[in-house]
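Novice: Dropping in upload.cif, which is mmCIF, C-alpha atoms:
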```
data_work
loop_
_atom_site.group_PDB
_atom_site.id
_atom_site.type_symbol
_atom_site.label_atom_id
_atom_site.label_comp_id
_atom_site.auth_asym_id
_atom_site.auth_seq_id
_atom_site.Cartn_x
_atom_site.Cartn_y
_atom_site.Cartn_z
ATOM 1 C CA MET D 1 83.759 87.053 117.139
ATOM 2 C CA THR D 2 83.036 83.988 119.152
ATOM 3 C CA GLY D 3 80.712 81.221 118.053
ATOM 4 C CA LYS D 4 78.095 82.273 120.590
ATOM 5 C CA THR D 5 78.070 85.846 119.272
ATOM 6 C CA LEU D 6 77.649 84.651 115.690
ATOM 7 C CA LYS D 7 74.713 82.430 116.685
ATOM 8 C CA ILE D 8 73.049 85.353 118.446
ATOM 9 C CA LYS D 9 73.536 87.622 115.395
ATOM 10 C CA ALA D 10 72.042 84.988 113.088
ATOM 11 C CA ALA D 11 69.106 84.419 115.437
ATOM 12 C CA LYS D 12 68.383 88.151 115.673
ATOM 13 C CA ARG D 13 68.436 88.502 111.864
ATOM 14 C CA LEU D 14 66.082 85.530 111.513
ATOM 15 C CA GLN D 15 63.761 87.087 114.097
ATOM 16 C CA ARG D 16 63.701 90.398 112.168
ATOM 17 C CA LYS D 17 63.167 88.534 108.893
ATOM 18 C CA ARG D 18 60.150 86.618 110.221
ATOM 19 C CA ARG D 19 58.631 89.777 111.693
ATOM 20 C CA ILE D 20 58.973 91.607 108.364
ATOM 21 C CA ARG D 21 57.656 88.689 106.277
ATOM 22 C CA SER D 22 54.559 88.372 108.476
ATOM 23 C CA LYS D 23 53.547 91.865 107.373
ATOM 24 C CA ILE D 24 54.444 91.987 103.659
ATOM 25 C CA SER D 25 53.986 89.760 100.637
ATOM 26 C CA GLY D 26 54.158 90.210 96.895
ATOM 27 C CA CYS D 27 51.629 89.657 94.125
ATOM 28 C CA ALA D 28 51.689 89.969 90.345
ATOM 29 C CA THR D 29 50.825 93.676 90.380
ATOM 30 C CA LEU D 30 52.962 94.560 93.421
ATOM 31 C CA PRO D 31 55.894 92.120 93.722
ATOM 32 C CA ARG D 32 58.154 91.886 96.759
ATOM 33 C CA ILE D 33 61.802 92.880 96.272
ATOM 34 C CA SER D 34 63.902 90.632 98.511
ATOM 35 C CA VAL D 35 67.490 91.789 99.048
ATOM 36 C CA PHE D 36 70.259 89.521 100.329
ATOM 37 C CA ARG D 37 73.645 90.844 101.368
ATOM 38 C CA SER D 38 76.633 88.698 102.182
ATOM 39 C CA ASN D 39 80.158 89.845 102.954
ATOM 40 C CA ARG D 40 81.131 89.395 99.294
ATOM 41 C CA PHE D 41 78.016 89.858 97.151
ATOM 42 C CA ILE D 42 74.530 91.362 96.995
ATOM 43 C CA SER D 43 71.523 89.893 95.248
ATOM 44 C CA ALA D 44 67.900 90.858 94.814
ATOM 45 C CA GLN D 45 64.819 89.343 93.274
ATOM 46 C CA ALA D 46 61.252 90.400 92.545
ATOM 47 C CA ILE D 47 58.921 87.710 93.861
ATOM 48 C CA ASN D 48 55.236 86.970 93.267
ATOM 49 C CA ASP D 49 54.360 85.204 96.550
ATOM 50 C CA GLU D 50 50.892 84.144 95.378
ATOM 51 C CA GLN D 51 52.323 81.871 92.680
ATOM 52 C CA GLY D 52 55.758 81.409 94.230
ATOM 53 C CA VAL D 53 57.710 82.605 91.198
ATOM 54 C CA THR D 54 60.601 84.986 90.687
ATOM 55 C CA LEU D 55 59.783 87.714 88.164
ATOM 56 C CA ALA D 56 63.238 89.319 87.916
ATOM 57 C CA ALA D 57 66.597 88.908 89.632
ATOM 58 C CA VAL D 58 70.088 90.356 89.813
ATOM 59 C CA HIS D 59 73.294 89.114 91.442
ATOM 60 C CA SER D 60 76.463 91.144 91.826
ATOM 61 C CA LYS D 61 78.661 88.115 91.108
ATOM 62 C CA THR D 62 77.323 87.816 87.542
ATOM 63 C CA LEU D 63 77.921 91.553 87.070
ATOM 64 C CA GLY D 64 81.473 91.318 88.418
ATOM 65 C CA LEU D 65 80.681 93.505 91.435
ATOM 66 C CA ARG D 66 81.239 93.199 95.176
ATOM 67 C CA ALA D 67 79.140 94.024 98.248
ATOM 68 C CA ASN D 68 79.937 97.694 98.709
ATOM 69 C CA ILE D 69 77.848 100.812 98.264
ATOM 70 C CA GLU D 70 79.076 101.667 94.748
ATOM 71 C CA SER D 71 78.488 98.123 93.530
ATOM 72 C CA ALA D 72 75.042 98.058 95.147
ATOM 73 C CA GLN D 73 74.119 101.207 93.236
ATOM 74 C CA LYS D 74 75.285 99.699 89.928
ATOM 75 C CA ALA D 75 73.409 96.462 90.631
ATOM 76 C CA ALA D 76 70.265 98.443 91.492
ATOM 77 C CA GLU D 77 70.471 100.334 88.198
ATOM 78 C CA VAL D 78 70.668 97.049 86.278
ATOM 79 C CA PHE D 79 67.825 95.621 88.377
ATOM 80 C CA ALA D 80 65.651 98.700 87.786
ATOM 81 C CA LYS D 81 66.139 98.293 84.043
ATOM 82 C CA THR D 82 65.195 94.603 84.318
ATOM 83 C CA LEU D 83 62.067 95.503 86.298
ATOM 84 C CA LYS D 84 61.026 98.129 83.763
ATOM 85 C CA ASP D 85 61.514 95.634 80.923
ATOM 86 C CA ALA D 86 59.207 93.251 82.809
ATOM 87 C CA GLY D 87 56.620 96.036 83.183
ATOM 88 C CA ILE D 88 57.037 96.458 86.935
ATOM 89 C CA ASN D 89 57.011 100.040 88.234
ATOM 90 C CA GLU D 90 55.796 99.592 91.821
ATOM 91 C CA VAL D 91 57.073 97.104 94.408
ATOM 92 C CA THR D 92 57.229 96.369 98.126
ATOM 93 C CA PHE D 93 60.718 96.305 99.646
ATOM 94 C CA ASP D 94 61.843 93.411 101.853
ATOM 95 C CA ARG D 95 65.173 94.134 103.538
ATOM 96 C CA ASN D 96 65.262 90.460 104.558
ATOM 97 C CA GLY D 97 66.199 91.074 108.197
ATOM 98 C CA PHE D 98 69.168 93.300 107.364
ATOM 99 C CA LEU D 99 69.375 96.732 108.920
ATOM 100 C CA TYR D 100 68.389 99.560 106.585
ATOM 101 C CA HIS D 101 71.758 101.263 106.177
ATOM 102 C CA GLY D 102 74.865 100.969 104.063
ATOM 103 C CA VAL D 103 74.553 98.589 101.116
ATOM 104 C CA VAL D 104 70.835 97.837 101.580
ATOM 105 C CA LYS D 105 69.986 101.541 101.849
ATOM 106 C CA ALA D 106 72.085 102.413 98.780
ATOM 107 C CA PHE D 107 70.340 99.661 96.791
ATOM 108 C CA ALA D 108 66.871 100.902 97.799
ATOM 109 C CA GLU D 109 67.611 104.579 97.162
ATOM 110 C CA THR D 110 69.048 103.820 93.721
ATOM 111 C CA LEU D 111 65.895 101.876 92.835
ATOM 112 C CA ARG D 112 63.833 104.900 93.886
ATOM 113 C CA ALA D 113 66.077 107.201 91.829
ATOM 114 C CA ASN D 114 65.421 104.971 88.806
ATOM 115 C CA GLU D 115 61.645 105.491 89.158
ATOM 116 C CA ILE D 116 60.735 102.261 90.931
ATOM 117 C CA LYS D 117 58.106 103.156 93.552
ATOM 118 C CA PHE D 118 57.909 101.523 96.989
#
```
Please express what this file holds, its structure, as C-alpha cells.
Specialist:
Amino acid sequence: MTGKTLKIKAAKRLQRKRRIRSKISGCATLPRISVFRSNRFISAQAINDEQGVTLAAVHSKTLGLRANIESAQKAAEVFAKTLKDAGINEVTFDRNGFLYHGVVKAFAETLRANEIKF
C-alpha cells in the first residue's frame, strides 16, 4: 500500500474510534473493555473511565500468542478468568475503531461464552 492509503486507513480508524468513545464510557460497576489489535498481537484492558484506572488487562505477547482467531480466543479465556477474579461480570465493549469481524469478533464472542455480559 502507498503512504497515502495508509494515512487514510489510520484516519478512518481514528474517526471510528472517536465516534465510539463519544457514546460509551466505563465505571467501577460497568467497566469498558478496550481491545487493540496489531498485525502481531492483541491486547485488551478493563478500564474505569471515572477514575482513569485499568482494572484488568491481558496481552497476547505475555501469553506467547499471536494475533489470529485461535490466539484471540485463548487470550479472551484468560481475560475472562481475570475479570471474574476481579469480580467483574458485566462490561461495555469498545472495539477501539476496529471493524467487528475476525480477531475482534472472536475475542468478544469468547468473552460472552465465558459468561461475561455486554
Novice: Kindly give the distance, in Å, that separates atom CA of Arg21 of chain D and atom CA of Ser38 of chain D, rounded to a single decimal.
Specialist: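 These two atoms are separated by 19.4 Å.
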Novice: Find the residues around Ile24 of chain D up to 8 Å (only C-alpha atoms counted), leave out those fewer than 3 positions away in its own chain, and share them as a VMD selection string.
Specialist: chain D and resid 20 to 21 32 92 94
Novice: Convert the output of the PyMOL selection byres ((chain D and resi 81) around 12) on the shown file into explicit residues, formatted as a list in words.
Specialist: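 Applied to this file, the PyMOL selection byres ((chain D and resi 81) around 12) returns Ala56, Ala57, Val58, Lys74, Ala75, Ala76, Glu77, Val78, Phe79, Ala80, Thr82, Leu83, Lys84, Asp85, Ala86, Gly87, Ile88, Asn89, Thr110, Leu111, Ala113, Asn114, Glu115 and Ile116 of chain D.
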Novice: Atom CA of Gln15 of chain D and atom CA of Ile47 of chain D, how far apart in Å?
Specialist: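 These two atoms are separated by 20.8 Å.
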Novice: For the file shown, report as an MDAnalysis selection string the outcome of the PyMOL selection byres ((chain D and resi 118) around 8) at residue level.
Specialist: chainID D and resid 90:93 112 116:117
Novice: Save out the residues we just selected, C-alpha atoms, as a tab-separated table (two decimals), keeping the file's coordinate frame.
Specialist:
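Result saved to selection.tsv:
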```
chain	number	residue	atom	x	y	z
D	90	GLU	CA	55.80	99.59	91.82
D	91	VAL	CA	57.07	97.10	94.41
D	92	THR	CA	57.23	96.37	98.13
D	93	PHE	CA	60.72	96.30	99.65
D	112	ARG	CA	63.83	104.90	93.89
D	116	ILE	CA	60.74	102.26	90.93
D	117	LYS	CA	58.11	103.16	93.55
```
Novice: Identify all residues satisfying the PyMOL selection byres ((chain D and resi 52) around 12) in the given file; provide them as a list in words.
Specialist: Ser25, Gly26, Cys27, Ala28, Pro31, Arg32, Ala46, Ile47, Asn48, Asp49, Glu50, Gln51, Val53, Thr54 and Leu55 of chain D
Novice: Quick one, how far is atom CA of Ala10 of chain D from atom CA of Leu63 of chain D?
Specialist: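 So the answer is 27.5 Å.
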Novice: In terms of the shortest atom-to-atom distance over all atoms listed in the file, which of D:Met1, D:Ala72, D:Leu14, D:Ile42 is closest to Ala108 of chain D?
Specialist: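 Residue with the minimum atom-to-atom distance to Ala108 of chain D: D:Ala72.
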Novice: Padding of 3 Å on every side, edges along x, y and z, all listed atoms of segment 42-60 of chain D included: what centre and edge lengths in Å, to one decimal, does that box have, as lines of an AutoDock Vina configuration file?
Specialist:
```
center_x = 63.7
center_y = 86.4
center_z = 92.5
size_x = 31.6
size_y = 16.0
size_z = 15.1
```
Novice: Might you pull out every residue within 9 Å of Asn68 of chain D, with all atoms listed in the file counted and same-chain residues fewer than 5 positions away left off, and present them as number ranges by chain?
Specialist: D: 39-42, 73, 102-103
Novice: From the set D:Phe107, D:Asn96, D:His101, D:Ala67, which residue has the shortest atom-to-atom contact distance to Lys12 of chain D, counting all atoms listed in the file?
Specialist: D:Asn96
